>>> print(open('my_file.txt').read())   # compact mmCIF, C-alpha atoms
# COMPACT_ATOMS: atom_id res chain seq x y z
CA MET A 1 -30.15 -49.50 -11.62
CA SER A 2 -33.62 -48.44 -10.62
CA PHE A 3 -36.74 -49.81 -12.20
CA LEU A 4 -38.97 -46.86 -11.33
CA PHE A 5 -40.14 -44.61 -14.14
CA GLY A 6 -38.77 -41.08 -14.38
CA GLN A 7 -35.87 -41.66 -12.02
CA ARG A 8 -32.30 -41.31 -13.23
CA PRO A 9 -29.97 -44.20 -12.35
CA GLN A 10 -27.66 -43.54 -9.37
CA PRO A 11 -24.02 -42.98 -10.34
CA SER A 12 -21.82 -45.99 -9.64
CA SER A 13 -18.67 -45.67 -7.54
CA ALA A 14 -16.47 -45.66 -10.61
CA GLU A 15 -18.43 -42.75 -12.02
CA LYS A 16 -18.17 -40.95 -8.69
CA ILE A 17 -14.41 -41.43 -8.65
CA ALA A 18 -14.16 -40.15 -12.20
CA ALA A 19 -16.30 -37.14 -11.32
CA ALA A 20 -14.10 -36.36 -8.30
CA GLU A 21 -10.95 -36.70 -10.39
CA SER A 22 -12.22 -34.35 -13.05
CA GLU A 23 -13.30 -31.86 -10.39
CA ILE A 24 -9.83 -31.93 -8.83
CA GLU A 25 -8.32 -31.34 -12.24
CA MET A 26 -10.66 -28.44 -12.91
CA VAL A 27 -9.98 -26.79 -9.58
CA SER A 28 -6.21 -27.16 -9.80
CA ASP A 29 -6.25 -25.92 -13.38
CA MET A 30 -8.26 -22.87 -12.33
CA TYR A 31 -5.87 -22.26 -9.43
CA ASN A 32 -2.80 -22.43 -11.66
CA ARG A 33 -4.34 -20.12 -14.22
CA LEU A 34 -5.38 -17.69 -11.49
CA VAL A 35 -1.90 -17.56 -9.99
CA GLU A 36 -0.27 -17.13 -13.40
CA THR A 37 -2.66 -14.40 -14.53
CA CYS A 38 -2.57 -12.34 -11.37
CA THR A 39 1.20 -12.60 -11.01
CA ARG A 40 1.68 -11.43 -14.56
CA LYS A 41 -0.78 -8.59 -14.12
CA CYS A 42 0.05 -7.30 -10.65
CA ILE A 43 3.68 -7.99 -9.83
CA PRO A 44 6.28 -6.21 -11.99
CA PRO A 45 9.46 -8.26 -12.44
CA THR A 46 11.77 -5.88 -10.55
CA TYR A 47 12.10 -7.71 -7.28
CA ARG A 48 13.47 -5.01 -5.04
CA GLU A 49 12.12 -6.59 -1.86
CA ALA A 50 10.62 -9.88 -0.76
CA ASP A 51 7.40 -8.59 0.86
CA LEU A 52 4.37 -7.51 -1.13
CA ASN A 53 3.87 -3.80 -0.85
CA LYS A 54 0.46 -2.22 -0.46
CA GLY A 55 -0.17 -1.61 -4.15
CA GLU A 56 0.63 -5.20 -5.06
CA SER A 57 -1.52 -6.75 -2.34
CA VAL A 58 -4.48 -4.53 -3.25
CA CYS A 59 -3.97 -5.49 -6.90
CA LEU A 60 -3.90 -9.19 -6.04
CA ASP A 61 -7.10 -8.94 -3.99
CA ARG A 62 -8.89 -7.25 -6.85
CA CYS A 63 -7.45 -9.65 -9.45
CA VAL A 64 -8.62 -12.75 -7.59
CA ALA A 65 -12.08 -11.34 -6.96
CA LYS A 66 -12.48 -10.37 -10.61
CA PHE A 67 -11.23 -13.74 -11.82
CA PHE A 68 -13.85 -15.58 -9.77
CA GLU A 69 -16.59 -13.21 -10.78
CA VAL A 70 -15.70 -13.62 -14.46
CA ASN A 71 -15.71 -17.39 -13.96
CA VAL A 72 -19.16 -17.34 -12.37
CA LYS A 73 -20.63 -15.01 -15.00
CA VAL A 74 -19.24 -17.00 -17.90
CA SER A 75 -20.49 -20.28 -16.47
CA GLU A 76 -23.93 -18.75 -15.90
CA LYS A 77 -24.05 -17.58 -19.48
CA MET A 78 -22.93 -20.95 -20.76
CA GLN A 79 -25.58 -22.70 -18.69
CA GLY A 80 -28.15 -20.28 -20.04
CA GLU A 81 -27.04 -21.02 -23.59
CA ALA A 82 -27.14 -24.75 -22.95
CA ALA A 83 -30.62 -24.47 -21.44
CA THR A 84 -32.02 -22.49 -24.36
CA THR A 85 -30.46 -24.77 -26.94
CA SER A 86 -31.66 -27.91 -25.15
CA ARG A 87 -35.13 -26.42 -24.92
CA ALA A 88 -35.15 -25.37 -28.55
CA GLY A 89 -33.78 -28.79 -29.43
CA GLY A 90 -32.39 -30.02 -32.72
CA ALA A 91 -29.66 -28.78 -34.97
CA GLY A 92 -31.67 -25.79 -36.12
CA GLY A 93 -32.21 -24.51 -32.63
CA MET A 94 -28.56 -25.02 -31.76
CA GLY A 95 -27.51 -23.15 -34.87
CA GLY A 96 -29.82 -20.32 -33.97
CA GLY A 97 -28.60 -20.29 -30.39
CA PHE A 98 -24.93 -20.01 -31.30
CA GLY A 99 -25.54 -17.78 -34.29
CA MET A 100 -26.64 -14.86 -32.12
CA MET B 1 -2.93 -24.36 20.03
CA GLU B 2 -1.66 -21.31 21.87
CA ARG B 3 1.13 -20.97 19.36
CA LYS B 4 -1.41 -20.73 16.57
CA LEU B 5 -3.20 -17.98 18.44
CA ILE B 6 0.05 -16.11 18.99
CA GLU B 7 1.05 -16.50 15.35
CA GLY B 8 -2.35 -15.28 14.25
CA PHE B 9 -2.03 -12.29 16.56
CA VAL B 10 1.44 -11.47 15.23
CA GLU B 11 0.16 -11.67 11.67
CA GLN B 12 -2.72 -9.37 12.49
CA MET B 13 -0.34 -6.91 14.13
CA GLN B 14 1.84 -6.95 11.02
CA LEU B 15 -1.18 -6.32 8.82
CA ALA B 16 -2.28 -3.50 11.12
CA MET B 17 1.19 -1.95 10.93
CA GLU B 18 0.95 -1.83 7.16
CA SER B 19 -2.43 -0.13 7.12
CA CYS B 20 -2.64 3.50 6.08
CA PRO B 21 -3.46 5.08 9.49
CA ALA B 22 -0.64 3.19 11.20
CA LYS B 23 1.87 4.19 8.54
CA SER B 24 0.75 7.78 8.77
CA ALA B 25 1.02 7.79 12.58
CA ILE B 26 4.48 6.21 12.56
CA SER B 27 5.69 8.68 9.99
CA GLY B 28 4.22 11.55 11.97
CA VAL B 29 5.98 10.46 15.15
CA MET B 30 9.30 10.05 13.35
CA GLY B 31 8.88 13.42 11.72
CA PHE B 32 8.13 14.91 15.11
CA GLY B 33 11.32 13.51 16.59
CA LEU B 34 13.43 14.55 13.63
CA GLY B 35 11.92 18.03 13.64
CA GLY B 36 12.67 18.39 17.32
CA MET B 37 16.33 17.52 16.82
CA PHE B 38 16.56 19.80 13.83
CA GLY B 39 14.94 22.71 15.63
CA LEU B 40 17.23 22.22 18.60
CA PHE B 41 20.38 22.35 16.51
CA MET B 42 19.21 25.21 14.35
CA SER B 43 18.19 27.34 17.32
CA SER B 44 21.39 26.77 19.23
CA MET B 45 23.35 28.26 16.37
CA ARG B 46 21.11 31.27 15.98
CA TYR B 47 22.54 33.32 18.80
CA ASP B 48 22.45 37.08 19.15
CA THR B 49 25.90 38.49 19.72
CA PRO B 50 26.37 41.43 22.12
CA LEU B 51 26.80 43.71 19.08
CA THR B 52 23.06 44.00 18.34
CA ALA B 53 20.69 45.95 20.59
CA GLN B 54 18.74 42.91 21.69
CA GLY B 55 21.90 40.94 22.23
CA ALA B 56 23.40 43.68 24.30
CA GLU B 57 20.33 43.69 26.51
CA ILE B 58 20.48 39.98 27.04
CA SER B 59 24.19 39.93 27.79
CA LYS B 60 23.64 42.42 30.63
CA LEU B 61 21.61 39.86 32.60
CA PRO B 62 23.28 37.41 34.97
CA VAL B 63 24.47 34.13 33.49
CA ALA B 64 21.66 32.01 34.92
CA GLN B 65 19.07 34.30 33.36
CA GLN B 66 20.83 34.20 30.05
CA LEU B 67 20.91 30.43 30.13
CA ARG B 68 17.23 30.23 31.03
CA GLN B 69 16.26 32.52 28.19
CA GLY B 70 18.44 30.56 25.83
CA PHE B 71 16.84 27.28 26.79
CA LYS B 72 13.36 28.71 26.48
CA GLU B 73 14.18 29.95 23.00
CA MET B 74 15.61 26.60 22.01
CA GLY B 75 12.56 24.79 23.36
CA ARG B 76 10.17 27.03 21.47
CA ALA B 77 12.03 26.67 18.18
CA SER B 78 12.39 22.94 18.66
CA TRP B 79 8.68 22.53 19.40
CA GLY B 80 7.63 24.57 16.36
CA SER B 81 9.94 22.67 14.06
CA ALA B 82 8.85 19.32 15.50
CA LYS B 83 5.19 20.14 14.90
CA ASN B 84 5.90 21.21 11.34
CA PHE B 85 7.93 18.16 10.43
CA GLY B 86 5.49 15.85 12.17
CA MET B 87 2.59 17.30 10.20
CA VAL B 88 4.52 16.96 6.96
CA GLY B 89 5.41 13.34 7.65
CA MET B 90 1.90 12.40 8.70
CA ILE B 91 0.15 14.00 5.73
CA PHE B 92 2.67 12.72 3.20
CA ALA B 93 2.65 9.13 4.41
CA GLY B 94 -1.13 9.06 4.75
CA THR B 95 -1.85 10.42 1.30
CA GLU B 96 0.80 8.29 -0.38
CA CYS B 97 -0.61 5.13 1.21
CA ALA B 98 -4.17 6.11 0.24
CA ILE B 99 -3.22 6.86 -3.36
CA GLU B 100 -1.30 3.60 -3.64
CA GLY B 101 -4.25 1.66 -2.22
CA PHE B 102 -6.55 3.36 -4.71
CA ARG B 103 -4.37 2.85 -7.80
CA ALA B 104 -3.18 -0.67 -6.83
CA LYS B 105 0.20 0.20 -8.28
CA ASN B 106 3.57 0.98 -6.73
CA ASP B 107 4.97 3.86 -8.79
CA LEU B 108 6.80 7.15 -8.69
CA THR B 109 3.54 8.98 -9.31
CA ASN B 110 2.21 7.98 -5.89
CA GLY B 111 4.96 9.99 -4.20
CA VAL B 112 4.64 12.91 -6.59
CA ALA B 113 0.89 13.22 -6.07
CA ALA B 114 1.22 12.83 -2.32
CA GLY B 115 3.94 15.50 -2.31
CA CYS B 116 1.74 17.89 -4.24
CA ILE B 117 -1.15 17.39 -1.83
CA THR B 118 1.11 17.81 1.21
CA GLY B 119 2.75 20.95 -0.09
CA GLY B 120 -0.59 22.39 -1.08
CA ALA B 121 -2.18 21.55 2.27
CA LEU B 122 0.66 23.11 4.26
CA ALA B 123 0.68 26.31 2.23
CA ALA B 124 -3.09 26.55 1.84
CA LYS B 125 -3.38 29.25 4.47
CA ALA B 126 -1.28 31.64 2.41
CA GLY B 127 -3.55 31.62 -0.61
CA PRO B 128 -3.88 29.63 -3.85
CA GLN B 129 -0.64 30.84 -5.45
CA ALA B 130 1.41 29.82 -2.42
CA ALA B 131 -0.43 26.48 -2.41
CA ALA B 132 0.49 25.93 -6.07
CA VAL B 133 4.13 26.77 -5.40
CA GLY B 134 4.18 24.49 -2.37
CA CYS B 135 2.60 21.70 -4.35
CA ALA B 136 5.13 21.98 -7.18
CA GLY B 137 8.10 22.27 -4.86
CA PHE B 138 7.19 19.37 -2.63
CA ALA B 139 6.24 17.20 -5.59
CA ALA B 140 9.61 17.84 -7.22
CA PHE B 141 11.41 17.09 -3.95
CA SER B 142 9.50 13.86 -3.49
CA ALA B 143 10.10 12.85 -7.10
CA ALA B 144 13.83 13.40 -6.73
CA ILE B 145 14.06 11.37 -3.54
CA ASP B 146 11.90 8.53 -4.91
CA TYR B 147 13.85 8.44 -8.15
CA TYR B 148 17.08 8.13 -6.23
CA MET B 149 15.67 5.38 -4.03
CA ARG B 150 14.36 3.41 -6.99
CA MET B 151 17.43 3.56 -9.19
CA PRO B 152 18.42 0.02 -10.18
CA SER B 153 21.73 -0.86 -8.58
CA ASP B 154 24.82 -1.71 -10.62
CA ASP B 155 25.00 -5.17 -9.09
CA PRO B 156 23.15 -7.48 -11.55
CA GLY B 157 22.70 -10.05 -8.80
CA ASN B 158 20.23 -7.76 -7.09
CA ASP B 159 17.74 -7.61 -9.95
CA PRO B 160 17.62 -11.21 -11.11
CA VAL B 161 14.78 -10.93 -13.63
CA MET B 162 15.26 -8.20 -16.19
>>> encode(input="my_file.txt", output="structure tokens")
Amino acid sequence: MSFLFGQRPQPSSAEKIAAAESEIEMVSDMYNRLVETCTRKCIPPTYREADLNKGESVCLDRCVAKFFEVNVKVSEKMQGEAATTSRAGGAGGMGGGFGM
Amino acid sequence: MERKLIEGFVEQMQLAMESCPAKSAISGVMGFGLGGMFGLFMSSMRYDTPLTAQGAEISKLPVAQQLRQGFKEMGRASWGSAKNFGMVGMIFAGTECAIEGFRAKNDLTNGVAAGCITGGALAAKAGPQAAAVGCAGFAAFSAAIDYYMRMPSDDPGNDPVM
């Protein structure tokens, strides 16, 4: 705990462990969702051969790239929303922010 | 360490083999070989008997000359057929791979479209009507072959998820 003004307290080791755990959960959840989505979208369930053919591998490349891009865009928008609502402050501002 | 390098190299080679230019080249070479065999067999059966005027002329020559002319004829026909088949194979495989890469789907329509383009390209010299006929014919041929290859087999063990 710091006694200087305007400085946030350093996270303790327990908080760091919790942050790492939640990050692992987030990443593995995103991975599972990515695999499930792209398999459902790109690979039709008639397994005539074991190797991915060209159409399927191209589809998977595009699916993964789009998934990450969607993730990034959505998180940017959410951060933007959070910034505007925190700047506006108060219940009224939050209502206005989410009402649009 | 070396094994990792070798495995990486093998994987890269496999990826290169599945690229569109490599597929097109392989198909072209196989078509060339097949066309050569086909031309050889077809030409060896197409022999002038001594009853026609040209045949009578040829049969007057000594045997060695006849053989040499026969072989030259077979070689020419074989070469022409090989070139034709090789071109067909190369164009078809290349366009089918490109269309599949563009659509990101593995369908019948890839083969049909590639067949239309191949037939049209081969018959383009003879005018637009011949190109249209070539397109339709080759597309139908390709559709028939692909449909036969993709028919689900009667053995339910082969298609586990239905």
>>> closest_residue(input="my_file.txt", among="A:Glu56, A:Glu76, A:Glu81, A:Glu49", to="chain B", atoms="only C-alpha atoms")
A:Glu56
>>> closest_atom_pairs(input="my_file.txt", of="chain A", to="chain B", cutoff="10 Å", atoms="only C-alpha atoms", output="CSV")
residue,atom,partner,partner_atom,distance
A:Cys42,CA,B:Lys105,CA,7.9
A:Ile43,CA,B:Lys105,CA,9.0
A:Pro44,CA,B:Asn106,CA,9.3
A:Pro45,CA,B:Val161,CA,6.1
A:Thr46,CA,B:Asp159,CA,6.2
A:Tyr47,CA,B:Asp159,CA,6.2
A:Arg48,CA,B:Asp159,CA,7.0
A:Glu49,CA,B:Asn158,CA,9.7
A:Asn53,CA,B:Asn106,CA,7.6
A:Lys54,CA,B:Gly101,CA,6.4
A:Gly55,CA,B:Ala104,CA,4.1
A:Glu56,CA,B:Ala104,CA,6.2
A:Ser57,CA,B:Ala104,CA,7.7
A:Val58,CA,B:Ala104,CA,5.4
A:Cys59,CA,B:Ala104,CA,4.9
A:Leu60,CA,B:Ala104,CA,8.6
A:Asp61,CA,B:Ala104,CA,9.6
A:Arg62,CA,B:Ala104,CA,8.7
>>> atom_distance(input="my_file.txt", atom1="atom CA of A:Asn32", atom2="atom CA of A:Glu69")
16.6 Å
>>> atom_distance(input="my_file.txt", atom1="atom CA of B:Ala123", atom2="atom CA of B:Glu96")
18.2 Å
>>> residues_near_point(input="my_file.txt", point="(5.3, 15.6, -8.8)", cutoff="9 Å", atoms="only C-alpha atoms", output="ChimeraX atom specification")
/B:108-116,135-143
>>> residues_around(input="my_file.txt", residues="B:Arg76", least_positions_apart="2", cutoff="12 Å", atoms="all atoms listed in the file", output="JSON, numbers by chain")
{"B": [36, 39, 40, 42, 43, 44, 69, 70, 71, 72, 73, 74, 78, 79, 80, 81, 82, 83]}
>>> closest_residue(input="my_file.txt", among="A:Ala88, A:Ala82, A:Ala20, A:Leu34", to="A:Val64", atoms="all atoms listed in the file")
A:Leu34
>>> atom_distance(input="my_file.txt", atom1="atom CA of B:Gly120", atom2="atom CA of B:Phe32")
19.9 Å
>>> closest_residue(input="my_file.txt", among="B:Ala124, B:Ala144, B:Ala132, B:Ile26", to="B:Phe92", atoms="all atoms listed in the file")
B:Ile26
>>> residues_around(input="my_file.txt", residues="B:Gly86", least_positions_apart="6", cutoff="9 Å", atoms="all atoms listed in the file", output="ChimeraX atom specification")
/B:27-35
>>> build_atoms(input="my_file.txt", residues="stretch 54-74 of chain A", atoms="N, CA, C and O atoms", output="JSON list (two decimals), in the frame of the given file")
[["chain", "number", "residue", "atom", "x", "y", "z"],
["A", 54, "LYS", "N", 1.90, -2.41, -0.57],
["A", 54, "LYS", "CA", 0.46, -2.22, -0.46],
["A", 54, "LYS", "C", -0.20, -2.26, -1.82],
["A", 54, "LYS", "O", -1.26, -2.87, -2.00],
["A", 55, "GLY", "N", 0.43, -1.63, -2.82],
["A", 55, "GLY", "CA", -0.17, -1.61, -4.15],
["A", 55, "GLY", "C", -0.33, -3.01, -4.70],
["A", 55, "GLY", "O", -1.37, -3.37, -5.27],
["A", 56, "GLU", "N", 0.70, -3.84, -4.54],
["A", 56, "GLU", "CA", 0.63, -5.20, -5.06],
["A", 56, "GLU", "C", -0.42, -6.02, -4.34],
["A", 56, "GLU", "O", -1.15, -6.80, -4.98],
["A", 57, "SER", "N", -0.53, -5.90, -3.02],
["A", 57, "SER", "CA", -1.52, -6.75, -2.34],
["A", 57, "SER", "C", -2.94, -6.31, -2.68],
["A", 57, "SER", "O", -3.82, -7.16, -2.86],
["A", 58, "VAL", "N", -3.16, -4.99, -2.82],
["A", 58, "VAL", "CA", -4.48, -4.53, -3.25],
["A", 58, "VAL", "C", -4.79, -5.06, -4.64],
["A", 58, "VAL", "O", -5.90, -5.53, -4.93],
["A", 59, "CYS", "N", -3.77, -5.00, -5.54],
["A", 59, "CYS", "CA", -3.97, -5.49, -6.90],
["A", 59, "CYS", "C", -4.32, -6.97, -6.91],
["A", 59, "CYS", "O", -5.20, -7.41, -7.65],
["A", 60, "LEU", "N", -3.62, -7.75, -6.07],
["A", 60, "LEU", "CA", -3.90, -9.19, -6.04],
["A", 60, "LEU", "C", -5.31, -9.47, -5.53],
["A", 60, "LEU", "O", -6.01, -10.33, -6.09],
["A", 61, "ASP", "N", -5.74, -8.74, -4.48],
["A", 61, "ASP", "CA", -7.10, -8.94, -3.99],
["A", 61, "ASP", "C", -8.11, -8.72, -5.10],
["A", 61, "ASP", "O", -9.01, -9.53, -5.34],
["A", 62, "ARG", "N", -7.94, -7.58, -5.80],
["A", 62, "ARG", "CA", -8.89, -7.25, -6.85],
["A", 62, "ARG", "C", -8.83, -8.26, -7.99],
["A", 62, "ARG", "O", -9.85, -8.64, -8.57],
["A", 63, "CYS", "N", -7.60, -8.70, -8.33],
["A", 63, "CYS", "CA", -7.45, -9.65, -9.45],
["A", 63, "CYS", "C", -8.17, -10.94, -9.14],
["A", 63, "CYS", "O", -8.91, -11.47, -9.99],
["A", 64, "VAL", "N", -7.98, -11.48, -7.93],
["A", 64, "VAL", "CA", -8.62, -12.75, -7.59],
["A", 64, "VAL", "C", -10.14, -12.62, -7.59],
["A", 64, "VAL", "O", -10.86, -13.46, -8.13],
["A", 65, "ALA", "N", -10.63, -11.51, -7.00],
["A", 65, "ALA", "CA", -12.08, -11.34, -6.96],
["A", 65, "ALA", "C", -12.65, -11.25, -8.36],
["A", 65, "ALA", "O", -13.68, -11.87, -8.67],
["A", 66, "LYS", "N", -11.98, -10.51, -9.25],
["A", 66, "LYS", "CA", -12.48, -10.37, -10.61],
["A", 66, "LYS", "C", -12.44, -11.69, -11.36],
["A", 66, "LYS", "O", -13.34, -12.01, -12.14],
["A", 67, "PHE", "N", -11.34, -12.45, -11.13],
["A", 67, "PHE", "CA", -11.23, -13.74, -11.82],
["A", 67, "PHE", "C", -12.42, -14.63, -11.48],
["A", 67, "PHE", "O", -13.06, -15.22, -12.36],
["A", 68, "PHE", "N", -12.73, -14.72, -10.16],
["A", 68, "PHE", "CA", -13.85, -15.58, -9.77],
["A", 68, "PHE", "C", -15.17, -15.08, -10.30],
["A", 68, "PHE", "O", -16.03, -15.85, -10.73],
["A", 69, "GLU", "N", -15.33, -13.74, -10.30],
["A", 69, "GLU", "CA", -16.59, -13.21, -10.78],
["A", 69, "GLU", "C", -16.75, -13.48, -12.27],
["A", 69, "GLU", "O", -17.85, -13.82, -12.74],
["A", 70, "VAL", "N", -15.64, -13.33, -13.02],
["A", 70, "VAL", "CA", -15.70, -13.62, -14.46],
["A", 70, "VAL", "C", -16.06, -15.09, -14.67],
["A", 70, "VAL", "O", -16.89, -15.43, -15.53],
["A", 71, "ASN", "N", -15.42, -15.95, -13.87],
["A", 71, "ASN", "CA", -15.71, -17.39, -13.96],
["A", 71, "ASN", "C", -17.20, -17.68, -13.77],
["A", 71, "ASN", "O", -17.83, -18.39, -14.55],
["A", 72, "VAL", "N", -17.75, -17.09, -12.70],
["A", 72, "VAL", "CA", -19.16, -17.34, -12.37],
["A", 72, "VAL", "C", -20.06, -16.83, -13.48],
["A", 72, "VAL", "O", -20.97, -17.52, -13.94],
["A", 73, "LYS", "N", -19.76, -15.59, -13.96],
["A", 73, "LYS", "CA", -20.63, -15.01, -15.00],
["A", 73, "LYS", "C", -20.59, -15.84, -16.27],
["A", 73, "LYS", "O", -21.61, -16.09, -16.91],
["A", 74, "VAL", "N", -19.35, -16.24, -16.65],
["A", 74, "VAL", "CA", -19.24, -17.00, -17.90],
["A", 74, "VAL", "C", -19.95, -18.33, -17.76],
["A", 74, "VAL", "O", -20.64, -18.78, -18.70]]
